[in-house]
Amino acid sequence: MKRTLASLDPAALDGRRALVRVDFNTPIRDGAVSDDTRIQAALPTIRYLRERGARVILLSHLGRPKGGPDPAFSLKPVARALEGMLGAPVTFLADPTTDDAVAETRRLPRGGVALGENTRFHAGEEANDPALAARFAALGDLYVNDAFGSAHRAHASTEGVARLLKPAVSGFLMERELEYLGRALDEPRRPFIAILGGAKISGKIDLIEALLPKVDEIVIGGAMACTFFRAMGLETGNSLVEEDRVELARELLGKGGRKIVLPSGAVVGRELKSDTETRTVHRNEIEPGWAMYDIDPMTEQDYAALIDAAGTVVWNGPMGVFETPPFNHGTLAIARAMAHAMGRGAVTIVGGGDSAAAVAEAGLEDQMTHVSTGGGASLEFLEGKPLPGVMALDDA
Ligand code: ADP
Ligand code: MG
């Protein structure tokens with residue numbers, strides 16, 4: 001267990017400079033934030049600190065600039081969006097590594113907020129350079145990490161700084177992520193099932209291996225299913241199959257036995273287009289010239305029944321090419337089944353960027369126990385890997 005922001009004496013926050021690593025890696029369109037979900041997610045921590053008189057200094061990365069300043073990846077639009085959301089001015093630190101920036105943090109009023117420019121404008125960020133971490137550490141009197149989505153990377157603003165600036169605690173978003181994901185894995189209400197999909201089995205091997213001993217069933221969809229089909233000797237036509245993972249899929253089937261549940265049928269299409277000719281076929285009827293783009297309605301029903309009987313459901317990866325309707329049908333069916341399961345008391349957790357997007361598209365975010373904000377981080381957490389950004393925080 002890691003020390004949390006809530007565990008710090010609130011009176012001791014008054015007037016202190018809280019350096020908060022947030023995940024403001026938001027989409028920017030025409031110089032403005034086009035989706036403020038990630039900013040919203042950090043507000044509880046920011047508000048808590050401000051209300052207790054802390055000076056709040058925020059750091060984040062945005063996109064993948066090539067280790068140098070690039071206006072296209074500036075956090076300035078985020079500062080403007082944040083001002084609107086807080087109804088308070090946000091001081092923008094054009095270079096958070098300078099003495100000027102440190103002086104600015106000292107000039108902030110109690111409850112004042114500053115946002116540093118993109119941490120990735122410094123090559124030392126991703127290299128976890130101790131000198132850069134020390135510059136960041138000079139911006140605060142305590143460190144709060146609320147950037148769950150970046151916790152799987154040992155960077156200067158996530159890992160390095162937490163070793164230098166104490167106390168180093170988790171923010172509310174981070175705490176929630178660790179609590180929900182951790183509890184689902186460690187003390188799941190049973191039956192515990194994992195729904196796994198997406199394009200590639202290769203990115204999810206560690207996940208399957210880590211989950212197999214913990215879950216009662218692993219329910220597979222997406223193109224991943226086709227690599228398993230091939231391992232079973234089935235024809236998969238033009239479906240996306242990872243030829244070099246067929247052998248591994250065969251091993252997993254051997255190891256997982258009846259725990260691994262595969263689709264009984266597929267919706268296949270001629271090409272990946274919304275108006276393409278489609279067919280619903282049994283899994284052993286996929287013909288050359290056709291590709292599986294979704295699970296079929298029968299599989300949707302089977303999977304919905306498994307979800308409905310489960311105590312805990314963890315979902316990562318869409319069931320089909322949900323970006324291209326009608327191949328979003330299976331994915332939406334899973335989202336609805338999970339919302340329904342939560343309604344009768346099951347714990348439902350969504351991890352993974354694309355799965356979370358599908359849930360948002362279905363308007364079902366509020367009907368899940370927890371939708372993780374961290375794609376890669378939630379994956380690594382579920383794989384049982386230690387997250388460097390979390391490890392570096394103080395122990396509770
Ligand atoms: P997540 O971000 O939730 O972890 P992934 O990134 O692993 O999910 O996989 C998402 C991608 O998988 C989507 O772009 C989707 O189109 C693709 N996908 C799912 N099913 C298929 C399929 N049958 N054929 C091709 N691509 C698929
Ligand atoms: Mg993805």
# chains A, B, ... in the order shown; residues from 1 in each chain; ligands from 1
>>> residues_around(residues="Glu217 (chain A)", least_positions_apart="5", cutoff="8 Å", atoms="only C-alpha atoms", output="MDAnalysis selection string")
chainID A and resid 192:194 212 258:261
>>> residues_around(residues="region 20-33 of chain A", least_positions_apart="3", cutoff="8 Å", atoms="only C-alpha atoms", output="JSON, numbers by chain")
{"A": [36, 37, 38, 39, 42, 56, 57, 58, 59, 60, 61, 62, 63, 77, 78, 81, 143, 144, 145, 146, 147, 148, 149, 150, 157, 158]}
>>> atom_distance(atom1="CA of Thr312 (chain A)", atom2="CA of Thr299 (chain A)")
19.6 Å
>>> residues_near_ligand(ligand="ligand 1", cutoff="8 Å", atoms="only C-alpha atoms and all ligand atoms", output="PyMOL selection string")
chain A and resi 197-200+203-204+221-226+239-240+291-295+316-324+351-357+375-376+379
>>> write_last_selection(atoms="N, CA and C atoms", output="compact mmCIF listing (two decimals), in the first residue's frame")
# COMPACT_ATOMS: atom_id res chain seq x y z
N GLY A 197 -10.13 -8.85 -25.94
CA GLY A 197 -10.28 -8.74 -27.38
C GLY A 197 -9.19 -7.85 -27.93
N GLY A 198 -9.49 -7.25 -29.06
CA GLY A 198 -8.51 -6.38 -29.70
C GLY A 198 -7.88 -7.07 -30.88
N ALA A 199 -6.92 -6.39 -31.46
CA ALA A 199 -6.38 -6.84 -32.73
C ALA A 199 -5.41 -8.00 -32.55
N LYS A 200 -4.51 -7.86 -31.58
CA LYS A 200 -3.37 -8.77 -31.56
C LYS A 200 -3.25 -9.54 -30.27
N GLY A 203 0.24 -8.54 -28.04
CA GLY A 203 0.28 -7.55 -26.97
C GLY A 203 -0.36 -8.02 -25.69
N LYS A 204 -1.03 -9.16 -25.73
CA LYS A 204 -1.83 -9.57 -24.58
C LYS A 204 -1.42 -10.92 -24.00
N GLY A 221 -12.49 -12.41 -27.77
CA GLY A 221 -13.13 -11.87 -28.97
C GLY A 221 -12.09 -11.12 -29.79
N GLY A 222 -12.56 -10.33 -30.74
CA GLY A 222 -11.62 -9.56 -31.56
C GLY A 222 -10.86 -10.45 -32.53
N ALA A 223 -9.90 -9.83 -33.21
CA ALA A 223 -9.10 -10.60 -34.17
C ALA A 223 -8.27 -11.65 -33.45
N MET A 224 -8.01 -11.40 -32.16
CA MET A 224 -7.27 -12.35 -31.35
C MET A 224 -7.86 -13.76 -31.45
N ALA A 225 -9.20 -13.80 -31.53
CA ALA A 225 -9.88 -15.10 -31.61
C ALA A 225 -9.43 -15.88 -32.84
N CYS A 226 -9.11 -15.14 -33.92
CA CYS A 226 -8.78 -15.82 -35.17
C CYS A 226 -7.45 -16.55 -35.09
N SER A 239 -9.08 -13.01 -42.37
CA SER A 239 -9.07 -12.44 -41.01
C SER A 239 -7.65 -12.11 -40.59
N LEU A 240 -7.56 -11.15 -39.69
CA LEU A 240 -6.25 -10.76 -39.14
C LEU A 240 -5.77 -11.88 -38.21
N ALA A 291 -13.41 -12.09 -44.10
CA ALA A 291 -12.66 -11.88 -42.87
C ALA A 291 -13.61 -11.67 -41.70
N MET A 292 -13.23 -12.20 -40.54
CA MET A 292 -14.02 -11.98 -39.33
C MET A 292 -13.77 -10.56 -38.83
N TYR A 293 -14.86 -9.79 -38.72
CA TYR A 293 -14.73 -8.43 -38.20
C TYR A 293 -15.49 -8.24 -36.89
N ASP A 294 -16.25 -9.27 -36.49
CA ASP A 294 -16.99 -9.14 -35.22
C ASP A 294 -17.40 -10.54 -34.76
N ILE A 295 -17.79 -10.64 -33.49
CA ILE A 295 -18.40 -11.87 -33.01
C ILE A 295 -19.85 -11.89 -33.50
N ASN A 316 -10.87 -5.98 -21.41
CA ASN A 316 -9.83 -5.26 -22.15
C ASN A 316 -9.85 -5.70 -23.61
N GLY A 317 -10.15 -4.75 -24.48
CA GLY A 317 -10.06 -5.01 -25.92
C GLY A 317 -11.41 -5.28 -26.55
N PRO A 318 -11.74 -4.53 -27.63
CA PRO A 318 -13.03 -4.67 -28.30
C PRO A 318 -13.21 -6.04 -28.97
N MET A 319 -14.48 -6.42 -29.16
CA MET A 319 -14.83 -7.72 -29.73
C MET A 319 -14.74 -7.75 -31.24
N GLY A 320 -14.67 -6.55 -31.83
CA GLY A 320 -14.63 -6.47 -33.29
C GLY A 320 -14.07 -5.12 -33.69
N VAL A 321 -14.13 -4.84 -34.99
CA VAL A 321 -13.65 -3.54 -35.48
C VAL A 321 -14.75 -2.52 -35.19
N PHE A 322 -14.80 -2.10 -33.93
CA PHE A 322 -15.93 -1.28 -33.49
C PHE A 322 -15.91 0.12 -34.10
N GLU A 323 -14.77 0.51 -34.68
CA GLU A 323 -14.70 1.83 -35.33
C GLU A 323 -15.52 1.85 -36.62
N THR A 324 -15.83 0.68 -37.16
CA THR A 324 -16.50 0.57 -38.45
C THR A 324 -17.83 -0.19 -38.30
N GLY A 351 -10.59 -1.75 -18.79
CA GLY A 351 -9.23 -1.23 -18.94
C GLY A 351 -8.87 -1.28 -20.41
N GLY A 352 -8.09 -0.32 -20.87
CA GLY A 352 -7.73 -0.33 -22.29
C GLY A 352 -8.37 0.84 -23.00
N GLY A 353 -7.56 1.57 -23.77
CA GLY A 353 -8.02 2.80 -24.40
C GLY A 353 -9.20 2.60 -25.32
N ASP A 354 -9.12 1.59 -26.19
CA ASP A 354 -10.19 1.41 -27.17
C ASP A 354 -11.47 0.89 -26.53
N SER A 355 -11.33 0.01 -25.54
CA SER A 355 -12.52 -0.50 -24.85
C SER A 355 -13.21 0.63 -24.10
N ALA A 356 -12.41 1.49 -23.46
CA ALA A 356 -12.98 2.63 -22.73
C ALA A 356 -13.69 3.56 -23.70
N ALA A 357 -13.10 3.75 -24.90
CA ALA A 357 -13.74 4.60 -25.91
C ALA A 357 -15.07 4.01 -26.34
N GLY A 375 -4.67 3.32 -20.35
CA GLY A 375 -4.66 2.17 -21.25
C GLY A 375 -3.52 1.24 -20.95
N GLY A 376 -2.31 1.64 -21.30
CA GLY A 376 -1.11 0.82 -21.11
C GLY A 376 -0.86 0.51 -19.64
N LEU A 379 -3.19 -2.13 -18.35
CA LEU A 379 -2.77 -3.43 -18.89
C LEU A 379 -1.61 -4.01 -18.07
>>> select_by_dssp(residues="region 313-359 of chain A", states="strand (DSSP E)", output="list in words")
Val313, Val314, Trp315, Asn316, Val347, Thr348, Ile349 and Val350 of chain A
>>> write_last_selection(atoms="C-alpha atoms", output="tab-separated table (two decimals), in the first residue's frame")
chain	number	residue	atom	x	y	z
A	313	VAL	CA	-15.80	-8.82	-14.96
A	314	VAL	CA	-12.60	-7.28	-16.25
A	315	TRP	CA	-12.72	-6.22	-19.89
A	316	ASN	CA	-9.83	-5.26	-22.15
A	347	VAL	CA	-18.01	-5.50	-10.12
A	348	THR	CA	-17.30	-4.37	-13.70
A	349	ILE	CA	-13.94	-2.97	-14.70
A	350	VAL	CA	-12.92	-1.65	-18.12
>>> residues_around(residues="Ala133 (chain A)", least_positions_apart="3", cutoff="9 Å", atoms="only C-alpha atoms", output="mmCIF file with all heavy atoms, in the first residue's frame")
data_model
loop_
_atom_site.group_PDB
_atom_site.id
_atom_site.type_symbol
_atom_site.label_atom_id
_atom_site.label_comp_id
_atom_site.auth_asym_id
_atom_site.auth_seq_id
_atom_site.Cartn_x
_atom_site.Cartn_y
_atom_site.Cartn_z
ATOM 1 N N GLY A 124 15.545 14.601 -21.060
ATOM 2 C CA GLY A 124 15.770 13.899 -19.799
ATOM 3 C C GLY A 124 14.518 13.292 -19.188
ATOM 4 O O GLY A 124 14.600 12.443 -18.297
ATOM 5 N N GLU A 125 13.338 13.733 -19.662
ATOM 6 C CA GLU A 125 12.090 13.203 -19.092
ATOM 7 C C GLU A 125 12.004 11.692 -19.277
ATOM 8 O O GLU A 125 11.910 10.933 -18.324
ATOM 9 C CB GLU A 125 10.886 13.906 -19.740
ATOM 10 C CG GLU A 125 9.530 13.228 -19.531
ATOM 11 C CD GLU A 125 8.983 13.344 -18.110
ATOM 12 O OE1 GLU A 125 9.775 13.542 -17.179
ATOM 13 O OE2 GLU A 125 7.759 13.209 -17.948
ATOM 14 N N ASN A 128 14.595 9.572 -17.683
ATOM 15 C CA ASN A 128 14.567 9.631 -16.217
ATOM 16 C C ASN A 128 15.875 10.209 -15.669
ATOM 17 O O ASN A 128 16.459 9.683 -14.716
ATOM 18 C CB ASN A 128 14.292 8.242 -15.617
ATOM 19 C CG ASN A 128 13.776 8.335 -14.186
ATOM 20 O OD1 ASN A 128 13.528 9.433 -13.671
ATOM 21 N ND2 ASN A 128 13.632 7.182 -13.538
ATOM 22 N N ASP A 129 16.294 11.318 -16.272
ATOM 23 C CA ASP A 129 17.535 11.998 -15.883
ATOM 24 C C ASP A 129 17.400 12.606 -14.481
ATOM 25 O O ASP A 129 16.499 13.405 -14.245
ATOM 26 C CB ASP A 129 17.813 13.094 -16.926
ATOM 27 C CG ASP A 129 18.996 13.978 -16.542
ATOM 28 O OD1 ASP A 129 19.799 13.550 -15.696
ATOM 29 O OD2 ASP A 129 19.094 15.089 -17.103
ATOM 30 N N PRO A 130 18.276 12.219 -13.555
ATOM 31 C CA PRO A 130 18.182 12.711 -12.172
ATOM 32 C C PRO A 130 18.295 14.230 -12.083
ATOM 33 O O PRO A 130 17.678 14.851 -11.209
ATOM 34 C CB PRO A 130 19.369 12.057 -11.464
ATOM 35 C CG PRO A 130 19.788 10.930 -12.338
ATOM 36 C CD PRO A 130 19.383 11.280 -13.738
ATOM 37 N N PHE A 136 12.570 19.494 -11.441
ATOM 38 C CA PHE A 136 11.131 19.361 -11.162
ATOM 39 C C PHE A 136 10.884 19.417 -9.654
ATOM 40 O O PHE A 136 9.945 20.064 -9.181
ATOM 41 C CB PHE A 136 10.583 18.046 -11.733
ATOM 42 C CG PHE A 136 10.501 18.007 -13.239
ATOM 43 C CD1 PHE A 136 10.590 16.789 -13.919
ATOM 44 C CD2 PHE A 136 10.320 19.166 -13.981
ATOM 45 C CE1 PHE A 136 10.500 16.734 -15.305
ATOM 46 C CE2 PHE A 136 10.232 19.127 -15.378
ATOM 47 C CZ PHE A 136 10.325 17.905 -16.040
ATOM 48 N N ALA A 137 11.742 18.731 -8.897
ATOM 49 C CA ALA A 137 11.543 18.653 -7.436
ATOM 50 C C ALA A 137 11.593 20.033 -6.792
ATOM 51 O O ALA A 137 10.940 20.284 -5.772
ATOM 52 C CB ALA A 137 12.588 17.731 -6.815
ATOM 53 N N ALA A 138 12.365 20.954 -7.417
ATOM 54 C CA ALA A 138 12.501 22.308 -6.853
ATOM 55 C C ALA A 138 11.198 23.103 -6.959
ATOM 56 O O ALA A 138 11.049 24.152 -6.333
ATOM 57 C CB ALA A 138 13.627 23.047 -7.581
ATOM 58 N N HIS A 155 9.781 7.811 -15.720
ATOM 59 C CA HIS A 155 10.238 9.067 -16.290
ATOM 60 C C HIS A 155 10.599 10.032 -15.160
ATOM 61 O O HIS A 155 10.281 9.788 -13.997
ATOM 62 C CB HIS A 155 9.163 9.671 -17.195
ATOM 63 C CG HIS A 155 8.945 8.880 -18.461
ATOM 64 N ND1 HIS A 155 7.905 9.116 -19.321
ATOM 65 C CD2 HIS A 155 9.643 7.844 -18.993
ATOM 66 C CE1 HIS A 155 7.974 8.265 -20.349
ATOM 67 N NE2 HIS A 155 9.012 7.479 -20.169
ATOM 68 N N ALA A 156 11.290 11.133 -15.533
ATOM 69 C CA ALA A 156 11.752 12.078 -14.509
ATOM 70 C C ALA A 156 10.590 12.661 -13.707
ATOM 71 O O ALA A 156 10.693 12.839 -12.499
ATOM 72 C CB ALA A 156 12.564 13.199 -15.164
ATOM 73 N N SER A 157 9.456 12.931 -14.386
ATOM 74 C CA SER A 157 8.335 13.566 -13.685
ATOM 75 C C SER A 157 7.420 12.561 -12.993
ATOM 76 O O SER A 157 6.479 12.956 -12.300
ATOM 77 C CB SER A 157 7.515 14.408 -14.663
ATOM 78 O OG SER A 157 6.818 13.577 -15.565
ATOM 79 N N THR A 158 7.656 11.273 -13.209
ATOM 80 C CA THR A 158 6.805 10.264 -12.558
ATOM 81 C C THR A 158 7.573 9.465 -11.508
ATOM 82 O O THR A 158 7.085 9.225 -10.419
ATOM 83 C CB THR A 158 6.236 9.249 -13.573
ATOM 84 O OG1 THR A 158 7.317 8.558 -14.212
ATOM 85 C CG2 THR A 158 5.370 9.924 -14.612
ATOM 86 N N GLU A 159 8.785 9.054 -11.850
ATOM 87 C CA GLU A 159 9.556 8.184 -10.961
ATOM 88 C C GLU A 159 10.681 8.951 -10.282
ATOM 89 O O GLU A 159 10.810 8.952 -9.053
ATOM 90 C CB GLU A 159 10.106 6.999 -11.768
ATOM 91 C CG GLU A 159 10.386 5.758 -10.939
ATOM 92 C CD GLU A 159 11.806 5.712 -10.401
ATOM 93 O OE1 GLU A 159 12.622 6.587 -10.745
ATOM 94 O OE2 GLU A 159 12.103 4.806 -9.604
ATOM 95 N N GLY A 160 11.526 9.603 -11.112
ATOM 96 C CA GLY A 160 12.705 10.287 -10.585
ATOM 97 C C GLY A 160 12.355 11.309 -9.515
ATOM 98 O O GLY A 160 12.953 11.315 -8.426
ATOM 99 N N VAL A 161 11.379 12.149 -9.804
ATOM 100 C CA VAL A 161 11.037 13.227 -8.881
ATOM 101 C C VAL A 161 10.470 12.674 -7.571
ATOM 102 O O VAL A 161 10.705 13.226 -6.496
ATOM 103 C CB VAL A 161 10.057 14.227 -9.548
ATOM 104 C CG1 VAL A 161 8.711 13.594 -9.801
ATOM 105 C CG2 VAL A 161 9.911 15.479 -8.720
ATOM 106 N N ALA A 162 9.762 11.548 -7.655
ATOM 107 C CA ALA A 162 9.153 10.975 -6.449
ATOM 108 C C ALA A 162 10.210 10.459 -5.474
ATOM 109 O O ALA A 162 9.947 10.306 -4.288
ATOM 110 C CB ALA A 162 8.205 9.836 -6.834
ATOM 111 N N ARG A 163 11.397 10.184 -5.992
ATOM 112 C CA ARG A 163 12.495 9.722 -5.129
ATOM 113 C C ARG A 163 13.157 10.906 -4.421
ATOM 114 O O ARG A 163 13.813 10.732 -3.401
ATOM 115 C CB ARG A 163 13.545 8.977 -5.952
ATOM 116 C CG ARG A 163 12.966 7.818 -6.740
ATOM 117 C CD ARG A 163 13.713 6.510 -6.447
ATOM 118 N NE ARG A 163 12.992 5.376 -7.004
ATOM 119 C CZ ARG A 163 12.344 4.479 -6.251
ATOM 120 N NH1 ARG A 163 12.345 4.561 -4.953
ATOM 121 N NH2 ARG A 163 11.696 3.482 -6.831
ATOM 122 N N LEU A 164 12.985 12.108 -4.981
ATOM 123 C CA LEU A 164 13.688 13.286 -4.458
ATOM 124 C C LEU A 164 12.813 14.181 -3.583
ATOM 125 O O LEU A 164 13.308 14.838 -2.673
ATOM 126 C CB LEU A 164 14.227 14.128 -5.628
ATOM 127 C CG LEU A 164 15.213 13.427 -6.559
ATOM 128 C CD1 LEU A 164 15.545 14.324 -7.743
ATOM 129 C CD2 LEU A 164 16.486 13.054 -5.794
#
>>> atom_distance(atom1="CA of Asp206 (chain A)", atom2="CA of Glu187 (chain A)")
20.4 Å
>>> closest_residue(among="A:Pro263, A:Pro167, A:Pro96, A:Gly233", to="Ala249 (chain A)", atoms="only C-alpha atoms")
A:Gly233
>>> closest_residue(among="A:Asp216, A:Asp95, A:Asp35, A:Glu251", to="Phe228 (chain A)", atoms="only C-alpha atoms")
A:Glu251
